[in-house]
file my_file.cif (mmCIF, C-alpha atoms and all ligand atoms; chains and numbers go by the auth columns)
data_final
#
loop_
_atom_site.group_PDB
_atom_site.id
_atom_site.type_symbol
_atom_site.label_atom_id
_atom_site.label_comp_id
_atom_site.label_asym_id
_atom_site.label_seq_id
_atom_site.Cartn_x
_atom_site.Cartn_y
_atom_site.Cartn_z
_atom_site.B_iso_or_equiv
_atom_site.auth_seq_id
_atom_site.auth_asym_id
ATOM 1 C CA MET A 1 39.417 -38.159 36.840 0.00 1 V
ATOM 2 C CA SER A 2 42.393 -38.495 39.105 0.00 2 V
ATOM 3 C CA LEU A 3 45.081 -41.049 39.743 0.00 3 V
ATOM 4 C CA ASP A 4 42.510 -43.478 41.111 0.00 4 V
ATOM 5 C CA GLY A 5 39.487 -44.728 39.253 0.00 5 V
ATOM 6 C CA VAL A 6 37.950 -47.481 37.219 0.00 6 V
ATOM 7 C CA TYR A 7 38.942 -48.080 33.584 0.00 7 V
ATOM 8 C CA ASP A 8 36.257 -46.730 31.247 0.00 8 V
ATOM 9 C CA ASP A 9 36.142 -48.798 28.065 0.00 9 V
ATOM 10 C CA GLY A 10 34.383 -45.929 26.321 0.00 10 V
ATOM 11 C CA ASN A 11 37.583 -43.867 26.354 0.00 11 V
ATOM 12 C CA ILE A 12 38.787 -42.632 22.989 0.00 12 V
ATOM 13 C CA PHE A 13 41.768 -45.003 22.735 0.00 13 V
ATOM 14 C CA ALA A 14 39.640 -48.050 23.590 0.00 14 V
ATOM 15 C CA ARG A 15 37.326 -46.934 20.785 0.00 15 V
ATOM 16 C CA ILE A 16 40.276 -46.618 18.396 0.00 16 V
ATOM 17 C CA LEU A 17 41.416 -50.114 19.373 0.00 17 V
ATOM 18 C CA ARG A 18 37.954 -51.491 18.583 0.00 18 V
ATOM 19 C CA GLY A 19 37.976 -49.694 15.241 0.00 19 V
ATOM 20 C CA GLU A 20 34.981 -47.542 16.197 0.00 20 V
ATOM 21 C CA ILE A 21 36.741 -44.303 15.331 0.00 21 V
ATOM 22 C CA PRO A 22 39.501 -43.706 12.799 0.00 22 V
ATOM 23 C CA ALA A 23 43.145 -43.246 13.651 0.00 23 V
ATOM 24 C CA ALA A 24 46.226 -42.736 11.509 0.00 24 V
ATOM 25 C CA ARG A 25 47.849 -46.020 12.510 0.00 25 V
ATOM 26 C CA ILE A 26 51.614 -46.404 12.191 0.00 26 V
ATOM 27 C CA VAL A 27 52.184 -49.948 13.367 0.00 27 V
ATOM 28 C CA GLU A 28 50.754 -52.582 15.662 0.00 28 V
ATOM 29 C CA ASP A 29 52.066 -55.807 17.078 0.00 29 V
ATOM 30 C CA ASP A 30 50.497 -58.407 19.318 0.00 30 V
ATOM 31 C CA GLN A 31 50.675 -56.081 22.337 0.00 31 V
ATOM 32 C CA THR A 32 50.929 -52.464 21.216 0.00 32 V
ATOM 33 C CA LEU A 33 49.566 -49.913 18.765 0.00 33 V
ATOM 34 C CA ALA A 34 51.243 -46.696 17.582 0.00 34 V
ATOM 35 C CA PHE A 35 49.229 -43.968 15.870 0.00 35 V
ATOM 36 C CA MET A 36 49.349 -40.252 15.154 0.00 36 V
ATOM 37 C CA ASP A 37 48.091 -37.807 17.779 0.00 37 V
ATOM 38 C CA ALA A 38 45.063 -36.033 16.271 0.00 38 V
ATOM 39 C CA PHE A 39 45.874 -32.756 18.077 0.00 39 V
ATOM 40 C CA PRO A 40 49.641 -32.727 17.603 0.00 40 V
ATOM 41 C CA GLN A 41 51.991 -30.557 19.621 0.00 41 V
ATOM 42 C CA SER A 42 54.456 -30.787 16.756 0.00 42 V
ATOM 43 C CA ARG A 43 54.629 -32.361 13.304 0.00 43 V
ATOM 44 C CA GLY A 44 54.985 -36.111 13.756 0.00 44 V
ATOM 45 C CA HIS A 45 53.573 -36.265 17.306 0.00 45 V
ATOM 46 C CA CYS A 46 52.552 -39.865 17.879 0.00 46 V
ATOM 47 C CA LEU A 47 51.285 -42.102 20.657 0.00 47 V
ATOM 48 C CA VAL A 48 51.920 -45.675 21.766 0.00 48 V
ATOM 49 C CA ILE A 49 49.358 -47.673 23.743 0.00 49 V
ATOM 50 C CA HIS A 50 48.943 -51.234 24.952 0.00 50 V
ATOM 51 C CA ARG A 51 46.228 -53.089 23.059 0.00 51 V
ATOM 52 C CA VAL A 52 45.091 -55.326 25.897 0.00 52 V
ATOM 53 C CA SER A 53 46.051 -53.738 29.208 0.00 53 V
ATOM 54 C CA THR A 54 43.332 -51.697 30.891 0.00 54 V
ATOM 55 C CA ALA A 55 45.832 -49.759 32.972 0.00 55 V
ATOM 56 C CA ARG A 56 44.781 -46.119 33.131 0.00 56 V
ATOM 57 C CA ASN A 57 48.257 -44.899 33.954 0.00 57 V
ATOM 58 C CA LEU A 58 51.835 -45.875 34.748 0.00 58 V
ATOM 59 C CA LEU A 59 51.003 -46.670 38.366 0.00 59 V
ATOM 60 C CA GLU A 60 48.564 -49.418 37.381 0.00 60 V
ATOM 61 C CA VAL A 61 50.290 -51.138 34.486 0.00 61 V
ATOM 62 C CA ARG A 62 51.916 -54.537 34.859 0.00 62 V
ATOM 63 C CA PRO A 63 55.672 -54.340 34.283 0.00 63 V
ATOM 64 C CA GLU A 64 55.522 -56.784 31.354 0.00 64 V
ATOM 65 C CA ALA A 65 52.934 -54.639 29.572 0.00 65 V
ATOM 66 C CA LEU A 66 54.942 -51.504 30.305 0.00 66 V
ATOM 67 C CA ALA A 67 58.047 -53.163 28.869 0.00 67 V
ATOM 68 C CA ALA A 68 56.155 -53.936 25.653 0.00 68 V
ATOM 69 C CA VAL A 69 54.923 -50.342 25.413 0.00 69 V
ATOM 70 C CA MET A 70 58.389 -48.879 25.976 0.00 70 V
ATOM 71 C CA SER A 71 59.979 -51.267 23.512 0.00 71 V
ATOM 72 C CA SER A 72 57.480 -50.061 20.907 0.00 72 V
ATOM 73 C CA VAL A 73 58.130 -46.437 21.926 0.00 73 V
ATOM 74 C CA GLN A 74 61.836 -46.897 21.218 0.00 74 V
ATOM 75 C CA ARG A 75 61.180 -48.603 17.866 0.00 75 V
ATOM 76 C CA VAL A 76 58.765 -45.901 16.718 0.00 76 V
ATOM 77 C CA THR A 77 61.014 -43.103 18.005 0.00 77 V
ATOM 78 C CA LEU A 78 63.881 -44.441 15.900 0.00 78 V
ATOM 79 C CA ALA A 79 61.570 -44.516 12.874 0.00 79 V
ATOM 80 C CA VAL A 80 60.391 -40.951 13.586 0.00 80 V
ATOM 81 C CA ARG A 81 64.007 -39.835 13.612 0.00 81 V
ATOM 82 C CA ARG A 82 64.738 -41.547 10.312 0.00 82 V
ATOM 83 C CA ALA A 83 61.544 -40.287 8.671 0.00 83 V
ATOM 84 C CA LEU A 84 61.416 -36.682 9.883 0.00 84 V
ATOM 85 C CA ALA A 85 64.968 -35.845 11.025 0.00 85 V
ATOM 86 C CA PRO A 86 63.983 -33.877 14.164 0.00 86 V
ATOM 87 C CA GLU A 87 66.715 -32.206 16.225 0.00 87 V
ATOM 88 C CA GLY A 88 65.269 -33.585 19.470 0.00 88 V
ATOM 89 C CA ILE A 89 62.428 -35.840 20.600 0.00 89 V
ATOM 90 C CA ILE A 90 60.318 -35.556 23.767 0.00 90 V
ATOM 91 C CA ILE A 91 59.006 -38.765 25.304 0.00 91 V
ATOM 92 C CA SER A 92 56.260 -37.927 27.801 0.00 92 V
ATOM 93 C CA GLN A 93 53.531 -39.594 29.783 0.00 93 V
ATOM 94 C CA PHE A 94 50.950 -38.028 32.133 0.00 94 V
ATOM 95 C CA ASN A 95 49.314 -39.571 35.185 0.00 95 V
ATOM 96 C CA GLY A 96 46.087 -38.060 36.495 0.00 96 V
ATOM 97 C CA ALA A 97 44.115 -35.024 35.401 0.00 97 V
ATOM 98 C CA ALA A 98 46.149 -32.762 37.663 0.00 98 V
ATOM 99 C CA ALA A 99 49.240 -33.777 35.683 0.00 99 V
ATOM 100 C CA GLY A 100 47.521 -33.043 32.373 0.00 100 V
ATOM 101 C CA GLN A 101 46.210 -36.498 31.470 0.00 101 V
ATOM 102 C CA THR A 102 43.055 -36.308 29.387 0.00 102 V
ATOM 103 C CA VAL A 103 42.657 -39.885 28.099 0.00 103 V
ATOM 104 C CA PHE A 104 42.639 -42.557 30.791 0.00 104 V
ATOM 105 C CA HIS A 105 44.203 -45.431 28.890 0.00 105 V
ATOM 106 C CA LEU A 106 47.964 -45.573 29.475 0.00 106 V
ATOM 107 C CA HIS A 107 49.845 -43.962 26.597 0.00 107 V
ATOM 108 C CA VAL A 108 53.258 -42.524 25.814 0.00 108 V
ATOM 109 C CA HIS A 109 53.784 -39.434 23.658 0.00 109 V
ATOM 110 C CA ILE A 110 56.569 -39.208 21.067 0.00 110 V
ATOM 111 C CA ILE A 111 57.004 -35.530 20.152 0.00 111 V
ATOM 112 C CA PRO A 112 59.635 -34.519 17.583 0.00 112 V
ATOM 113 C CA ARG A 113 61.258 -31.110 18.165 0.00 113 V
ATOM 114 C CA TRP A 114 63.046 -28.579 16.014 0.00 114 V
ATOM 115 C CA SER A 115 64.784 -25.673 17.704 0.00 115 V
ATOM 116 C CA ASP A 116 63.196 -23.118 15.380 0.00 116 V
ATOM 117 C CA ARG A 117 59.618 -24.386 15.771 0.00 117 V
ATOM 118 C CA PRO A 118 57.586 -23.691 18.919 0.00 118 V
ATOM 119 C CA LEU A 119 56.058 -26.590 20.836 0.00 119 V
ATOM 120 C CA GLY A 120 52.253 -26.598 20.752 0.00 120 V
ATOM 121 C CA ARG A 121 50.360 -26.663 24.011 0.00 121 V
ATOM 122 C CA HIS A 122 49.499 -30.074 25.463 0.00 122 V
ATOM 123 C CA GLY A 123 45.778 -30.599 24.883 0.00 123 V
ATOM 124 C CA GLY A 124 45.430 -27.094 23.503 0.00 124 V
ATOM 125 C CA GLY A 125 46.054 -27.385 19.795 0.00 125 V
ATOM 126 C CA GLY A 126 43.748 -27.735 16.835 0.00 126 V
ATOM 127 C CA MET A 127 42.833 -30.965 15.129 0.00 127 V
ATOM 128 C CA ALA A 128 45.236 -32.017 12.388 0.00 128 V
ATOM 129 C CA ASP A 129 44.210 -32.787 8.840 0.00 129 V
ATOM 130 C CA PHE A 130 43.583 -36.543 8.729 0.00 130 V
ATOM 131 C CA ALA A 131 45.091 -37.030 5.263 0.00 131 V
ATOM 132 C CA GLU A 132 48.260 -35.322 6.475 0.00 132 V
ATOM 133 C CA LEU A 133 48.373 -37.573 9.558 0.00 133 V
ATOM 134 C CA LYS A 134 47.953 -40.648 7.372 0.00 134 V
ATOM 135 C CA ASP A 135 50.793 -39.470 5.172 0.00 135 V
ATOM 136 C CA LEU A 136 53.040 -38.963 8.213 0.00 136 V
ATOM 137 C CA ALA A 137 52.048 -42.386 9.582 0.00 137 V
ATOM 138 C CA THR A 138 53.009 -43.990 6.261 0.00 138 V
ATOM 139 C CA ARG A 139 56.333 -42.158 6.212 0.00 139 V
ATOM 140 C CA ILE A 140 57.152 -43.216 9.775 0.00 140 V
ATOM 141 C CA ALA A 141 56.018 -46.801 9.193 0.00 141 V
ATOM 142 C CA SER A 142 58.241 -47.043 6.110 0.00 142 V
ATOM 143 C CA ARG A 143 61.286 -46.298 8.297 0.00 143 V
ATOM 144 C CA LEU A 144 60.634 -48.914 10.988 0.00 144 V
ATOM 145 C CA ASP A 145 63.253 -51.589 11.451 0.00 145 V
ATOM 146 C CA SER A 146 62.095 -55.009 10.418 0.00 146 V
HETATM 147 P P1 LIG B . 46.996 -37.039 27.514 0.00 1 E
HETATM 148 O O1 LIG B . 46.473 -35.627 27.608 0.00 1 E
HETATM 149 O O2 LIG B . 48.404 -37.214 27.982 0.00 1 E
HETATM 150 O O3 LIG B . 46.014 -37.964 28.167 0.00 1 E
HETATM 151 O O4 LIG B . 47.071 -37.374 25.980 0.00 1 E
HETATM 152 C C1 LIG B . 45.966 -37.666 25.209 0.00 1 E
HETATM 153 C C2 LIG B . 46.349 -37.355 23.804 0.00 1 E
HETATM 154 O O5 LIG B . 45.381 -37.922 22.957 0.00 1 E
HETATM 155 C C3 LIG B . 46.403 -35.850 23.494 0.00 1 E
HETATM 156 O O6 LIG B . 47.694 -35.501 23.030 0.00 1 E
HETATM 157 C C4 LIG B . 45.337 -35.675 22.421 0.00 1 E
HETATM 158 O O7 LIG B . 45.727 -34.761 21.444 0.00 1 E
HETATM 159 C C5 LIG B . 45.225 -37.069 21.859 0.00 1 E
HETATM 160 N N1 LIG B . 43.946 -37.401 21.254 0.00 1 E
HETATM 161 C C6 LIG B . 42.711 -37.087 21.680 0.00 1 E
HETATM 162 N N2 LIG B . 41.770 -37.605 20.867 0.00 1 E
HETATM 163 C C7 LIG B . 42.427 -38.278 19.900 0.00 1 E
HETATM 164 C C8 LIG B . 42.029 -39.030 18.756 0.00 1 E
HETATM 165 N N3 LIG B . 40.751 -39.215 18.435 0.00 1 E
HETATM 166 N N4 LIG B . 42.995 -39.586 17.974 0.00 1 E
HETATM 167 C C9 LIG B . 44.300 -39.412 18.279 0.00 1 E
HETATM 168 N N5 LIG B . 44.742 -38.712 19.341 0.00 1 E
HETATM 169 C C10 LIG B . 43.828 -38.151 20.138 0.00 1 E
#
call {"tool": "encode", "arguments": {"input": "my_file.cif", "output": "structure tokens"}}
result
Amino acid sequence: MSLDGVYDDGNIFARILRGEIPAARIVEDDQTLAFMDAFPQSRGHCLVIHRVSTARNLLEVRPEALAAVMSSVQRVTLAVRRALAPEGIIISQFNGAAAGQTVFHLHVHIIPRWSDRPLGRHGGGGMADFAELKDLATRIASRLDS
């Protein structure tokens, strides 16, 4: 897959949206869904996606949908800070396989950082324990603004 291509509705995030595979969901609204990354680069690594847009990457997404995603990213990032007290937070987003993108449904990463903990490799870590992810999702969700 590269920057150009056709949206594949069998991608893993489309399947999560349809409820076909489990995800540790944090919050959803009419446009977006936030959930825990199953192969986290750090404790509390989460993702935000658009629920309706079939944009594969930033280059394809309509500005209104992107605005909804980024608004949710900010809201969840604030909750991550309150819940987990990281020292820093990476917001990242990859476009095309050559850039490291592995799932071709637009998404934004929220990755908490602590200076004394190494950052896991993007796409190279092990799968997290699902019960632990659900616990983190609950903790983050409980610190969302209203
Ligand atoms: P990217 O490589 O930027 O396309 O990001 C895709 C992200 O999805 C990676 O950080 C993966 O760890 C994550 N991921 C893959 N499968 C799942 C899954 N079933 N549930 C949650 N996150 C996933």
call {"tool": "residues_near_point", "arguments": {"input": "my_file.cif", "point": "(43.4, -41.7, 40.1)", "cutoff": "10 Å", "atoms": "only C-alpha atoms", "output": "VMD selection string"}}
result
chain V and resid 1 to 6 56 to 57 59 to 60 95 to 98 104
call {"tool": "write_last_selection", "arguments": {"input": "my_file.cif", "atoms": "C-alpha atoms", "output": "PDB file, in the frame of the given file"}}
result
ATOM      1  CA  MET V   1      39.417 -38.159  36.840  1.00  0.00           C
ATOM      2  CA  SER V   2      42.393 -38.495  39.105  1.00  0.00           C
ATOM      3  CA  LEU V   3      45.081 -41.049  39.743  1.00  0.00           C
ATOM      4  CA  ASP V   4      42.510 -43.478  41.111  1.00  0.00           C
ATOM      5  CA  GLY V   5      39.487 -44.728  39.253  1.00  0.00           C
ATOM      6  CA  VAL V   6      37.950 -47.481  37.219  1.00  0.00           C
ATOM      7  CA  ARG V  56      44.781 -46.119  33.131  1.00  0.00           C
ATOM      8  CA  ASN V  57      48.257 -44.899  33.954  1.00  0.00           C
ATOM      9  CA  LEU V  59      51.003 -46.670  38.366  1.00  0.00           C
ATOM     10  CA  GLU V  60      48.564 -49.418  37.381  1.00  0.00           C
ATOM     11  CA  ASN V  95      49.314 -39.571  35.185  1.00  0.00           C
ATOM     12  CA  GLY V  96      46.087 -38.060  36.495  1.00  0.00           C
ATOM     13  CA  ALA V  97      44.115 -35.024  35.401  1.00  0.00           C
ATOM     14  CA  ALA V  98      46.149 -32.762  37.663  1.00  0.00           C
ATOM     15  CA  PHE V 104      42.639 -42.557  30.791  1.00  0.00           C
TER      16      PHE V 104
END
call {"tool": "residues_around", "arguments": {"input": "my_file.cif", "residues": "Ile49 in chain V", "least_positions_apart": "2", "cutoff": "10 Å", "atoms": "all atoms listed in the file", "output": "number ranges by chain"}}
result
V: 13-14, 17, 28, 31-35, 47, 51-53, 65-66, 68-70, 72-73, 105-109
call {"tool": "write_last_selection", "arguments": {"input": "my_file.cif", "atoms": "C-alpha atoms", "output": "PDB file, in the coordinates of the input"}}
result
ATOM      1  CA  PHE V  13      41.768 -45.003  22.735  1.00  0.00           C
ATOM      2  CA  ALA V  14      39.640 -48.050  23.590  1.00  0.00           C
ATOM      3  CA  LEU V  17      41.416 -50.114  19.373  1.00  0.00           C
ATOM      4  CA  GLU V  28      50.754 -52.582  15.662  1.00  0.00           C
ATOM      5  CA  GLN V  31      50.675 -56.081  22.337  1.00  0.00           C
ATOM      6  CA  THR V  32      50.929 -52.464  21.216  1.00  0.00           C
ATOM      7  CA  LEU V  33      49.566 -49.913  18.765  1.00  0.00           C
ATOM      8  CA  ALA V  34      51.243 -46.696  17.582  1.00  0.00           C
ATOM      9  CA  PHE V  35      49.229 -43.968  15.870  1.00  0.00           C
ATOM     10  CA  LEU V  47      51.285 -42.102  20.657  1.00  0.00           C
ATOM     11  CA  ARG V  51      46.228 -53.089  23.059  1.00  0.00           C
ATOM     12  CA  VAL V  52      45.091 -55.326  25.897  1.00  0.00           C
ATOM     13  CA  SER V  53      46.051 -53.738  29.208  1.00  0.00           C
ATOM     14  CA  ALA V  65      52.934 -54.639  29.572  1.00  0.00           C
ATOM     15  CA  LEU V  66      54.942 -51.504  30.305  1.00  0.00           C
ATOM     16  CA  ALA V  68      56.155 -53.936  25.653  1.00  0.00           C
ATOM     17  CA  VAL V  69      54.923 -50.342  25.413  1.00  0.00           C
ATOM     18  CA  MET V  70      58.389 -48.879  25.976  1.00  0.00           C
ATOM     19  CA  SER V  72      57.480 -50.061  20.907  1.00  0.00           C
ATOM     20  CA  VAL V  73      58.130 -46.437  21.926  1.00  0.00           C
ATOM     21  CA  HIS V 105      44.203 -45.431  28.890  1.00  0.00           C
ATOM     22  CA  LEU V 106      47.964 -45.573  29.475  1.00  0.00           C
ATOM     23  CA  HIS V 107      49.845 -43.962  26.597  1.00  0.00           C
ATOM     24  CA  VAL V 108      53.258 -42.524  25.814  1.00  0.00           C
ATOM     25  CA  HIS V 109      53.784 -39.434  23.658  1.00  0.00           C
TER      26      HIS V 109
END
call {"tool": "residues_near_ligand", "arguments": {"input": "my_file.cif", "ligand": "ligand LIG 1 (chain E)", "cutoff": "10 Å", "atoms": "all atoms listed in the file", "output": "JSON, numbers by chain"}}
result
{"V": [11, 12, 13, 15, 16, 21, 22, 23, 24, 25, 35, 36, 37, 38, 39, 40, 41, 45, 46, 47, 56, 57, 92, 93, 94, 95, 96, 97, 99, 100, 101, 102, 103, 104, 105, 106, 107, 108, 109, 110, 111, 121, 122, 123, 124, 125, 126, 127, 128, 130, 133]}
call {"tool": "atom_distance", "arguments": {"input": "my_file.cif", "atom1": "CA of Leu119 in chain V", "atom2": "CA of Arg75 in chain V"}}
result
22.8 Å
call {"tool": "atom_distance", "arguments": {"input": "my_file.cif", "atom1": "CA of Arg113 in chain V", "atom2": "CA of Arg43 in chain V"}}
result
8.3 Å
call {"tool": "closest_residue", "arguments": {"input": "my_file.cif", "among": "V:Ala85, V:Arg139, V:Ala79, V:Leu144", "to": "Trp114 in chain V", "atoms": "all atoms listed in the file"}}
result
V:Ala85
call {"tool": "resolve_selection", "arguments": {"input": "my_file.cif", "expression": "the PyMOL selection byres (((chain V and resi 84) around 12) and not hetatm)", "output": "PyMOL selection string"}}
result
chain V and resi 42-45+76-83+85-89+111-114+135-143
call {"tool": "atom_distance", "arguments": {"input": "my_file.cif", "atom1": "CA of Tyr7 in chain V", "atom2": "CA of Ala55 in chain V"}}
result
7.1 Å
call {"tool": "axis_aligned_box", "arguments": {"input": "my_file.cif", "around": "range 87-105 of chain V", "padding_each_side": "8 Å", "output": "lines of an AutoDock Vina configuration file"}}
result
center_x = 54.7
center_y = -38.8
center_z = 26.9
size_x = 40.1
size_y = 29.2
size_z = 37.4
